[in-house]
Amino acid sequence: MDRITLFAEVLLPLPVPGTFTYRIPFDLNDQVETGQRVSVQFGSRKVYAGLILELHERPPETAPKYILSLLDEKPVVNAVQIKFWKWIAEYYMSTLGEVMSVALPSAFKLSSESKVMLSPDFIPDSETLSEYEFRITEALLDKKKLAISELSSLVGIQKVHPILKTMMERQLIFMEEELSHTYRLKKEKLIHLSEPYRNEESLQGVMDELGKRAHKQLEVLMALLTLSGLHLDQMKPVRKAELKKKVPGSDAALSTLVKKEVLTETEQVISRFEASERTSQQEITLSGAQETAFQSLQNQLKENPVTLLHGVTSSGKTELYIKLIESVLKTGKQVLYLLPEIALTTQIILRLRKYFGDAVGVYHSRYNQNERAEVWENVAGIQQKEIHEPYKIILGPRSALFLPYQNLGLIIVDEEHDASYKQFDPAPRYNARDAAVYLGTIHGAQVVLGSATPALETYFNVQKGKYGLVTLTERYGGLEMPEILVVNMKEEQRRRMLQSHFSSVLMTNLQQTLEEQHQAILFQNRRGFSLRIECDQCNWVPQCKYCDVTMTYHKKQDLLKCHYCGYSRAVPSVCEQCGSPNVVMKGFGTEKVEEELSILLPDARIDRMDLDTTRSKNAFQKIFSSFEEGKTDILTGTQMVTKGLDFDKVRVVGILSADNMLSFPDFRAHERSFQMMEQVSGRAGRKDRQGKVVIQSWQPSHPVIRDVVDHDYKRMYLRELTERQKFHYPPYYRLVMVRMKHKRYEVLNEAAEALAKDMRIRFDRRVYGPEYPMVSRVKNWYIKQILLKIPRDHHLGEEKAALKTILDHFKSLSPYKSVRIQLDVDPQ
């Protein structure tokens with residue numbers, strides 16, 4: 001048989017357009033498939049794990065490099081995924097390599113690490129070495145080959161590169177690139193009773209022998225028999241860790257028994273996730289309103305593959321999702337359940353596992369890279385079934401979109417209005433809600449968008465007949481909507497009724513709630529202790545040295561912190577501009593709310609949920625469990641507390657500063673304010689009693705606050721729609737934000753004006769800017785923005801192609817090659 005010369009189009013996880021052609025070695029011809037990862041050399045030294053997108057026999061014009069090795073036995077990415085990636089790259093104006101970088105778990109995105117070795121000509125003690133050079137050579141004589149990061153920690157110096165460069169110039173060392181595999185299957189060791197001793201006579205003999213002088217070994221053997229079952233013909237292997245726990249200090253005795261071949265040690269691959277059993281055998285009982293909505297939802301999905309489930313808070317949307325999931329699983333298809341925040345997965349997963357047990361898998365960024373890779377292989381169908389049964393339902397935030405689904409039948413986008421579905425950095429800056437609609441289309445899957453406060457664009461699509469609509473207008477169990485009390489903060493201040501940042505109305509309701517042994521949630525959309533520190537004399541405010549933004553005081557660490565770049569500094573004791581000691585704190589965040597409440601209500605048990613308190617893997621779970629079990633009386637937090645949480649004993653919800661949201665300079669500010677206030681209001685009065693919501697505002701007659709009081713989404717929608725049409729905003733226009741960055745503002749200003757001028761030649765008055773954003777410098781990069789508005793009736797593909805042509809020409813101009821350009825399609 002003639003040998004075929006095969007070539008592969010390989011995609012690399014880099015922000016460069018297109019794929020790269022590599023030649024397949026003849027001995028790999030029968031093994032390669034599209035969707036497998038291969039290691040390839042890129043450039044003169046770097047080695048990457050790339051993805052085969054196409055196999056062909058077309059030789060490129062220049063001689064290609066060979067693929068170095070095949071990394072997978074089976075494809076880790078399927079054809080439907082590649083189609084989805086290409087759509088994301090095209091629609092959001094990014095490269096396919098950037099999509100790959102975001103989509104694949106980090107354990108699969110291998111890039112080479114420089115390994116350091118001693119030169120073959122190096123002779124110990126023949127060279128004069130500095131202290132650090134001596135330490136490096138000693139380490140390399142011992143280990144032969146070390147990564148730079150390993151050398152750095154061994155030598156005890158962070159900036160080891162200059163030393164290595166000097167040693168390379170002196171030909172003492174050399175480097176090579178090596179691909180480091182980070183994903184490892186999890187294995188556990190098992191201990192068995194060896195076959196010759198699985199009869200009573202032999203076993204009794206060895207036990208008598210051990211009883212004479214090896215008592216520890218006898219103890220280990222007895223423990224094994226107890227743990228594995230006393231029937232010799234039905235004995236199960238025992239986990240080595242479990243055996244060692246039962247008999248402390250048994251390592252030596254266990255090793256001796258294995259050497260004597262009384263016991264046998266084996267290994268098995270196991271899952272990193274604990275098994276969870278289905279705990280409820282009961283069918284979900286729907287109320288009359290839910291049953292009507294469920295029938296309507298099933299009918300709508302037959303006609304409209306994308307349907308909005310618009311149900312008021314606490315109307316029981318989750319029960320409808322579960323019934324829908326049941327019907328889809330019966331057809332043998334997979335289900336994707338998207339949530340905006342990792343925080344929400346904690347509650348929902350417990351509810352789903354109650355009905356579906358081990359069929360539910362979770363995928364999010366708080367999992368380590370090996371856990372994410374394990375879920376990926378399970379969904380791809382390339383994991384051994386002994387490790388874990390295939391997941392039929394995947395629950396997760398936006399990153400769960402990219403898993404290698406084989407047969408999706410249903411996608412649920414819960415709280416579809418939430419801004420967290422939008423990816424901000426790095427590219428691609430996609431919206432998971434819109435991407436889920438396309439993913440459903442290519443899988444032929446039904447898509448349900450659920451919300452009590454839908455995004456304006458979603459409701460607009462419903463009104464235009466593009467999406468179906470099902471409404472749930474009453475709360476489950478006939479529960480009333482919460483009573484909303486709007487407190488005029490001007491009046492409270494005039495009458496001197498304020499206690500710190502808390503109105504008399506809120507404090508009265510909190511005290512009553514605590515007396516009745518119920519719970520409360522307080523919402524303040526700022527984390528930290530004080531929003532800023534300001535000089536009373538000259539109004540100086542400490543700013544971040546790397547960003548044009550004021551720093552926030554965090555009391556726990558007693559530091560000023562920048563929420564953009566992470567820079568922190570000590571709190572100044574005097575004004576750094578005029579020297580005055582009158583430096584005071586202004587504004588308040590969740591940390592200050594927590595502290596001041598504990599002074600005003602000393603008997604209350606108060607907890608806080610914001611980015612600062614939920615950084616660790618299980619932090620959400622601990623806070624939720626504590627609140628659910630009644631160990632916390634008042635939960636304070638940022639927008640995390642507004643999203644779909646369900647706690648039975650919450651009677652009062654306080655919105656501490658409604659005006660912050662309403663006055664934010666953004667065309668979506670009123671829509672977002674309504675959504676946030678309506679959502680947080682929905683946390684009050686669940687189960688058996690009407691709740692109360694206290695909204696503190698300096699402008700209590702604001703139209704949005706009146707909409708929240710009346711729970712009138714439609715009125716807010718129609719008013720906002722009029723404004724959007726008048727000023728050319730979505731849903732009537734599409735937006736593309738061109739964000740430009742440079743470390744020198746004069747270069748940035750010149751470049752931004754030049755690009756805006758080029759864009760106006762093609763797009764005329766639909767180009768706005770360039771303007772500095774609210775925060776005009778982040779991490780020492782100055783930022784300017786140009787906004788392009790595209791009417792709905794214009795061909796979006798043609799408009800974006802024209803913009804790309806302009807940008808490609810602009811990037812080729814030598815004065816502006818150092819300017820960074822980021823594109824954000826449909827910015828949030």
# chains A, B, ... in the order shown; residues from 1 in each chain; ligands from 1
call {"tool": "residues_around", "arguments": {"residues": "Glu326 of chain A", "least_positions_apart": "5", "cutoff": "10 Å", "atoms": "only C-alpha atoms", "output": "PyMOL selection string"}}
result
chain A and resi 320-321+331+335+355-356
call {"tool": "residues_around", "arguments": {"residues": "Arg433 of chain A", "least_positions_apart": "3", "cutoff": "9 Å", "atoms": "only C-alpha atoms", "output": "list in words"}}
result
Leu338, Arg398, Val413, Glu416, His417, Tyr421, Lys422, Tyr430, Ala436, Val437 and Leu449 of chain A
call {"tool": "residues_around", "arguments": {"residues": "segment 308-310 of chain A", "least_positions_apart": "4", "cutoff": "8 Å", "atoms": "only C-alpha atoms", "output": "list in words"}}
result
Leu297, Lys317, Val448, Leu449, Gly450, Ser451, Ala452, Thr453, Pro454, Thr458, Tyr459, Val462, Tyr467, Gly468, Leu469, Val470, Thr471 and Leu472 of chain A
call {"tool": "atom_distance", "arguments": {"atom1": "atom CA of Val102 of chain A", "atom2": "atom CA of Asp425 of chain A"}}
result
10.0 Å
call {"tool": "select_by_dssp", "arguments": {"residues": "segment 140-347 of chain A", "states": "strand (DSSP E or B)", "output": "PyMOL selection string"}}
result
chain A and resi 145-147+173-179+186-193+238-239+263-270+306-311+334-338
call {"tool": "residues_around", "arguments": {"residues": "Cys578 of chain A", "least_positions_apart": "5", "cutoff": "10 Å", "atoms": "only C-alpha atoms", "output": "list in words"}}
result
Cys535, Gln537, Cys538, Asn539 and Trp540 of chain A
call {"tool": "residues_around", "arguments": {"residues": "Pro390 of chain A", "least_positions_apart": "4", "cutoff": "10 Å", "atoms": "only C-alpha atoms", "output": "PyMOL selection string"}}
result
chain A and resi 334+358-361+375+377-386
call {"tool": "write_last_selection", "arguments": {"atoms": "N, CA and C atoms", "output": "PDB file, in the first residue's frame"}}
result
ATOM      1  N   GLN A 334     -28.934  15.189  26.118  1.00  0.00           N
ATOM      2  CA  GLN A 334     -28.272  15.906  27.222  1.00  0.00           C
ATOM      3  C   GLN A 334     -28.952  17.248  27.488  1.00  0.00           C
ATOM      4  N   ASP A 358     -26.617  11.163  40.337  1.00  0.00           N
ATOM      5  CA  ASP A 358     -25.293  11.212  39.714  1.00  0.00           C
ATOM      6  C   ASP A 358     -25.299  11.679  38.261  1.00  0.00           C
ATOM      7  N   ALA A 359     -26.484  11.842  37.685  1.00  0.00           N
ATOM      8  CA  ALA A 359     -26.557  12.266  36.287  1.00  0.00           C
ATOM      9  C   ALA A 359     -26.209  13.743  36.131  1.00  0.00           C
ATOM     10  N   VAL A 360     -26.103  14.477  37.268  1.00  0.00           N
ATOM     11  CA  VAL A 360     -25.828  15.923  37.235  1.00  0.00           C
ATOM     12  C   VAL A 360     -24.331  16.178  37.402  1.00  0.00           C
ATOM     13  N   GLY A 361     -23.757  16.867  36.440  1.00  0.00           N
ATOM     14  CA  GLY A 361     -22.356  17.280  36.539  1.00  0.00           C
ATOM     15  C   GLY A 361     -22.268  18.787  36.654  1.00  0.00           C
ATOM     16  N   VAL A 375     -14.454  16.445  33.879  1.00  0.00           N
ATOM     17  CA  VAL A 375     -15.830  16.681  33.424  1.00  0.00           C
ATOM     18  C   VAL A 375     -15.861  16.740  31.896  1.00  0.00           C
ATOM     19  N   GLU A 377     -13.860  15.279  29.672  1.00  0.00           N
ATOM     20  CA  GLU A 377     -13.727  13.938  29.081  1.00  0.00           C
ATOM     21  C   GLU A 377     -15.015  13.130  29.263  1.00  0.00           C
ATOM     22  N   ASN A 378     -15.686  13.337  30.393  1.00  0.00           N
ATOM     23  CA  ASN A 378     -16.947  12.628  30.628  1.00  0.00           C
ATOM     24  C   ASN A 378     -17.994  13.046  29.603  1.00  0.00           C
ATOM     25  N   VAL A 379     -18.146  14.356  29.405  1.00  0.00           N
ATOM     26  CA  VAL A 379     -19.159  14.871  28.468  1.00  0.00           C
ATOM     27  C   VAL A 379     -18.807  14.472  27.035  1.00  0.00           C
ATOM     28  N   ALA A 380     -17.501  14.423  26.732  1.00  0.00           N
ATOM     29  CA  ALA A 380     -17.048  14.045  25.383  1.00  0.00           C
ATOM     30  C   ALA A 380     -17.272  12.562  25.093  1.00  0.00           C
ATOM     31  N   GLY A 381     -17.529  11.776  26.155  1.00  0.00           N
ATOM     32  CA  GLY A 381     -17.750  10.342  25.968  1.00  0.00           C
ATOM     33  C   GLY A 381     -16.476   9.550  25.798  1.00  0.00           C
ATOM     34  N   ILE A 382     -15.315  10.120  26.228  1.00  0.00           N
ATOM     35  CA  ILE A 382     -14.041   9.403  26.074  1.00  0.00           C
ATOM     36  C   ILE A 382     -13.493   8.950  27.425  1.00  0.00           C
ATOM     37  N   GLN A 383     -14.299   9.110  28.470  1.00  0.00           N
ATOM     38  CA  GLN A 383     -13.874   8.677  29.806  1.00  0.00           C
ATOM     39  C   GLN A 383     -14.397   7.262  30.064  1.00  0.00           C
ATOM     40  N   GLN A 384     -13.593   6.463  30.777  1.00  0.00           N
ATOM     41  CA  GLN A 384     -14.042   5.111  31.118  1.00  0.00           C
ATOM     42  C   GLN A 384     -15.280   5.193  32.004  1.00  0.00           C
ATOM     43  N   LYS A 385     -16.284   4.349  31.710  1.00  0.00           N
ATOM     44  CA  LYS A 385     -17.538   4.394  32.468  1.00  0.00           C
ATOM     45  C   LYS A 385     -17.339   3.971  33.917  1.00  0.00           C
ATOM     46  N   GLU A 386     -16.241   3.211  34.175  1.00  0.00           N
ATOM     47  CA  GLU A 386     -15.997   2.804  35.568  1.00  0.00           C
ATOM     48  C   GLU A 386     -15.646   4.015  36.436  1.00  0.00           C
TER      49      GLU A 386
END
call {"tool": "residues_around", "arguments": {"residues": "segment 695-697 of chain A", "least_positions_apart": "3", "cutoff": "9 Å", "atoms": "only C-alpha atoms", "output": "JSON list (two decimals) with N, CA, C and O atoms, in the first residue's frame"}}
result
[["chain", "number", "residue", "atom", "x", "y", "z"],
["A", 484, "ILE", "N", -43.68, 46.77, 49.50],
["A", 484, "ILE", "CA", -42.48, 47.58, 49.27],
["A", 484, "ILE", "C", -42.64, 48.95, 49.92],
["A", 484, "ILE", "O", -43.60, 49.68, 49.64],
["A", 485, "LEU", "N", -41.71, 49.27, 50.82],
["A", 485, "LEU", "CA", -41.72, 50.55, 51.52],
["A", 485, "LEU", "C", -40.57, 51.40, 51.00],
["A", 485, "LEU", "O", -39.41, 50.99, 51.07],
["A", 486, "VAL", "N", -40.88, 52.56, 50.45],
["A", 486, "VAL", "CA", -39.84, 53.46, 49.94],
["A", 486, "VAL", "C", -39.59, 54.53, 50.99],
["A", 486, "VAL", "O", -40.51, 55.25, 51.38],
["A", 487, "VAL", "N", -38.36, 54.63, 51.44],
["A", 487, "VAL", "CA", -38.01, 55.58, 52.50],
["A", 487, "VAL", "C", -37.34, 56.80, 51.88],
["A", 487, "VAL", "O", -36.34, 56.67, 51.15],
["A", 488, "ASN", "N", -37.89, 57.98, 52.17],
["A", 488, "ASN", "CA", -37.31, 59.24, 51.69],
["A", 488, "ASN", "C", -36.15, 59.61, 52.62],
["A", 488, "ASN", "O", -36.36, 60.04, 53.75],
["A", 489, "MET", "N", -34.93, 59.44, 52.11],
["A", 489, "MET", "CA", -33.74, 59.65, 52.96],
["A", 489, "MET", "C", -33.54, 61.13, 53.31],
["A", 489, "MET", "O", -32.97, 61.45, 54.35],
["A", 490, "LYS", "N", -34.03, 62.03, 52.44],
["A", 490, "LYS", "CA", -33.94, 63.47, 52.76],
["A", 490, "LYS", "C", -34.77, 63.76, 54.01],
["A", 490, "LYS", "O", -34.33, 64.48, 54.92],
["A", 502, "PHE", "N", -28.58, 53.70, 58.03],
["A", 502, "PHE", "CA", -29.82, 52.92, 58.13],
["A", 502, "PHE", "C", -30.99, 53.81, 58.58],
["A", 502, "PHE", "O", -30.91, 54.51, 59.60],
["A", 503, "SER", "N", -32.08, 53.77, 57.83],
["A", 503, "SER", "CA", -33.27, 54.57, 58.16],
["A", 503, "SER", "C", -34.00, 53.95, 59.35],
["A", 503, "SER", "O", -33.83, 52.78, 59.68],
["A", 506, "LEU", "N", -36.11, 50.93, 58.26],
["A", 506, "LEU", "CA", -35.35, 49.69, 58.09],
["A", 506, "LEU", "C", -34.97, 49.10, 59.45],
["A", 506, "LEU", "O", -35.13, 47.89, 59.67],
["A", 653, "VAL", "N", -36.08, 42.51, 53.27],
["A", 653, "VAL", "CA", -34.95, 42.80, 52.39],
["A", 653, "VAL", "C", -34.76, 44.32, 52.39],
["A", 653, "VAL", "O", -35.73, 45.07, 52.24],
["A", 654, "GLY", "N", -33.52, 44.75, 52.59],
["A", 654, "GLY", "CA", -33.22, 46.19, 52.58],
["A", 654, "GLY", "C", -32.31, 46.54, 51.41],
["A", 654, "GLY", "O", -31.28, 45.90, 51.22],
["A", 655, "ILE", "N", -32.72, 47.55, 50.62],
["A", 655, "ILE", "CA", -31.86, 48.09, 49.56],
["A", 655, "ILE", "C", -31.33, 49.41, 50.09],
["A", 655, "ILE", "O", -32.09, 50.39, 50.25],
["A", 656, "LEU", "N", -30.04, 49.45, 50.42],
["A", 656, "LEU", "CA", -29.50, 50.56, 51.20],
["A", 656, "LEU", "C", -29.29, 51.83, 50.39],
["A", 656, "LEU", "O", -29.34, 52.93, 50.94],
["A", 657, "SER", "N", -29.03, 51.69, 49.10],
["A", 657, "SER", "CA", -28.76, 52.90, 48.31],
["A", 657, "SER", "C", -29.21, 52.69, 46.87],
["A", 657, "SER", "O", -28.41, 52.32, 46.01],
["A", 658, "ALA", "N", -30.49, 52.92, 46.62],
["A", 658, "ALA", "CA", -31.04, 52.72, 45.27],
["A", 658, "ALA", "C", -30.48, 53.73, 44.29],
["A", 658, "ALA", "O", -30.37, 53.47, 43.09],
["A", 659, "ASP", "N", -30.08, 54.91, 44.77],
["A", 659, "ASP", "CA", -29.67, 56.00, 43.87],
["A", 659, "ASP", "C", -28.34, 55.72, 43.17],
["A", 659, "ASP", "O", -28.12, 56.22, 42.06],
["A", 677, "MET", "N", -33.35, 45.65, 41.73],
["A", 677, "MET", "CA", -34.26, 45.89, 42.86],
["A", 677, "MET", "C", -35.40, 44.87, 42.88],
["A", 677, "MET", "O", -35.79, 44.37, 43.93],
["A", 700, "PRO", "N", -37.31, 59.33, 46.01],
["A", 700, "PRO", "CA", -38.30, 58.26, 46.11],
["A", 700, "PRO", "C", -39.37, 58.26, 45.02],
["A", 700, "PRO", "O", -40.02, 57.25, 44.80],
["A", 705, "ILE", "N", -38.26, 53.47, 40.56],
["A", 705, "ILE", "CA", -38.65, 53.02, 41.90],
["A", 705, "ILE", "C", -40.16, 52.78, 41.95],
["A", 705, "ILE", "O", -40.63, 51.80, 42.54]]
call {"tool": "atom_distance", "arguments": {"atom1": "atom CA of Ala455 of chain A", "atom2": "atom CA of Lys692 of chain A"}}
result
25.3 Å
call {"tool": "residues_around", "arguments": {"residues": "Tyr729 of chain A", "least_positions_apart": "4", "cutoff": "12 Å", "atoms": "only C-alpha atoms", "output": "compact mmCIF listing (two decimals) with C-alpha atoms, in the first residue's frame"}}
result
# COMPACT_ATOMS: atom_id res chain seq x y z
CA LEU A 456 -35.12 44.39 27.00
CA GLU A 457 -33.61 42.75 23.91
CA ASP A 666 -25.00 54.10 31.15
CA PHE A 667 -27.97 53.66 28.80
CA ARG A 668 -28.85 50.42 30.60
CA GLU A 720 -37.07 52.44 28.10
CA LEU A 721 -37.92 51.32 24.56
CA THR A 722 -39.00 54.86 23.65
CA GLU A 723 -35.69 56.25 24.97
CA ARG A 724 -33.63 53.60 23.16
CA GLN A 725 -35.33 54.26 19.83
CA TYR A 733 -29.31 49.47 16.92
CA ARG A 734 -26.41 47.09 17.42
CA LEU A 735 -23.26 48.40 19.08
CA VAL A 736 -19.58 47.67 18.49
CA ARG A 766 -22.86 56.55 13.38
CA LEU A 787 -18.57 53.49 19.58
CA LEU A 788 -20.10 52.32 16.30
CA LYS A 789 -23.91 52.08 16.02
CA ILE A 790 -25.37 49.74 13.39
CA PRO A 791 -29.11 49.96 12.52
CA ARG A 792 -31.07 46.71 12.72
CA ASP A 826 -22.87 44.08 21.90
CA PRO A 827 -21.06 45.69 24.88
CA GLN A 828 -22.78 45.54 28.26
call {"tool": "atom_distance", "arguments": {"atom1": "atom CA of Ala802 of chain A", "atom2": "atom CA of Gln423 of chain A"}}
result
24.2 Å
call {"tool": "select_by_dssp", "arguments": {"residues": "segment 572-734 of chain A", "states": "alpha helix (DSSP H)", "output": "ChimeraX atom specification"}}
result
/A:590-600,619-628,658-662,669-681,703-710,713-726
call {"tool": "write_last_selection", "arguments": {"atoms": "C-alpha atoms", "output": "CSV table (one decimal), in the first residue's frame"}}
result
chain,number,residue,atom,x,y,z
A,590,THR,CA,-20.7,45.9,52.4
A,591,GLU,CA,-17.8,45.6,55.0
A,592,LYS,CA,-18.9,48.8,56.7
A,593,VAL,CA,-22.6,47.7,56.6
A,594,GLU,CA,-21.6,44.5,58.4
A,595,GLU,CA,-19.6,46.3,61.1
A,596,GLU,CA,-22.1,49.1,61.8
A,597,LEU,CA,-25.0,46.6,62.0
A,598,SER,CA,-23.1,44.5,64.6
A,599,ILE,CA,-22.9,47.7,66.7
A,600,LEU,CA,-26.5,48.7,66.2
A,619,ALA,CA,-16.9,29.8,50.4
A,620,PHE,CA,-20.4,30.1,48.8
A,621,GLN,CA,-21.4,26.8,50.2
A,622,LYS,CA,-20.4,27.7,53.8
A,623,ILE,CA,-22.2,31.1,53.7
A,624,PHE,CA,-25.4,29.5,52.1
A,625,SER,CA,-25.5,26.6,54.5
A,626,SER,CA,-25.0,28.9,57.5
A,627,PHE,CA,-27.9,31.1,56.3
A,628,GLU,CA,-30.2,28.2,55.3
A,658,ALA,CA,-31.0,52.7,45.3
A,659,ASP,CA,-29.7,56.0,43.9
A,660,ASN,CA,-26.2,54.6,43.2
A,661,MET,CA,-27.6,52.4,40.5
A,662,LEU,CA,-30.1,54.9,39.0
A,669,ALA,CA,-28.8,52.0,34.1
A,670,HIS,CA,-32.6,52.2,34.6
A,671,GLU,CA,-33.2,48.7,33.2
A,672,ARG,CA,-30.4,47.3,35.4
A,673,SER,CA,-31.7,49.1,38.5
A,674,PHE,CA,-35.2,47.8,38.0
A,675,GLN,CA,-33.9,44.2,37.5
A,676,MET,CA,-31.6,44.4,40.5
A,677,MET,CA,-34.3,45.9,42.9
A,678,GLU,CA,-37.0,43.6,41.6
A,679,GLN,CA,-34.8,40.5,42.0
A,680,VAL,CA,-33.6,41.4,45.5
A,681,SER,CA,-37.2,42.1,46.4
A,703,PRO,CA,-40.1,56.4,37.8
A,704,VAL,CA,-38.0,53.2,38.2
A,705,ILE,CA,-38.7,53.0,41.9
A,706,ARG,CA,-42.4,53.4,41.2
A,707,ASP,CA,-42.1,50.5,38.7
A,708,VAL,CA,-40.5,48.4,41.4
A,709,VAL,CA,-43.2,49.3,43.9
A,710,ASP,CA,-45.9,48.3,41.4
A,713,TYR,CA,-42.1,45.3,34.2
A,714,LYS,CA,-44.2,46.3,31.1
A,715,ARG,CA,-44.3,50.0,32.1
A,716,MET,CA,-40.5,50.1,32.5
A,717,TYR,CA,-40.0,48.2,29.2
A,718,LEU,CA,-42.2,50.6,27.2
A,719,ARG,CA,-40.6,53.7,28.7
A,720,GLU,CA,-37.1,52.4,28.1
A,721,LEU,CA,-37.9,51.3,24.6
A,722,THR,CA,-39.0,54.9,23.6
A,723,GLU,CA,-35.7,56.3,25.0
A,724,ARG,CA,-33.6,53.6,23.2
A,725,GLN,CA,-35.3,54.3,19.8
A,726,LYS,CA,-34.9,58.0,20.2
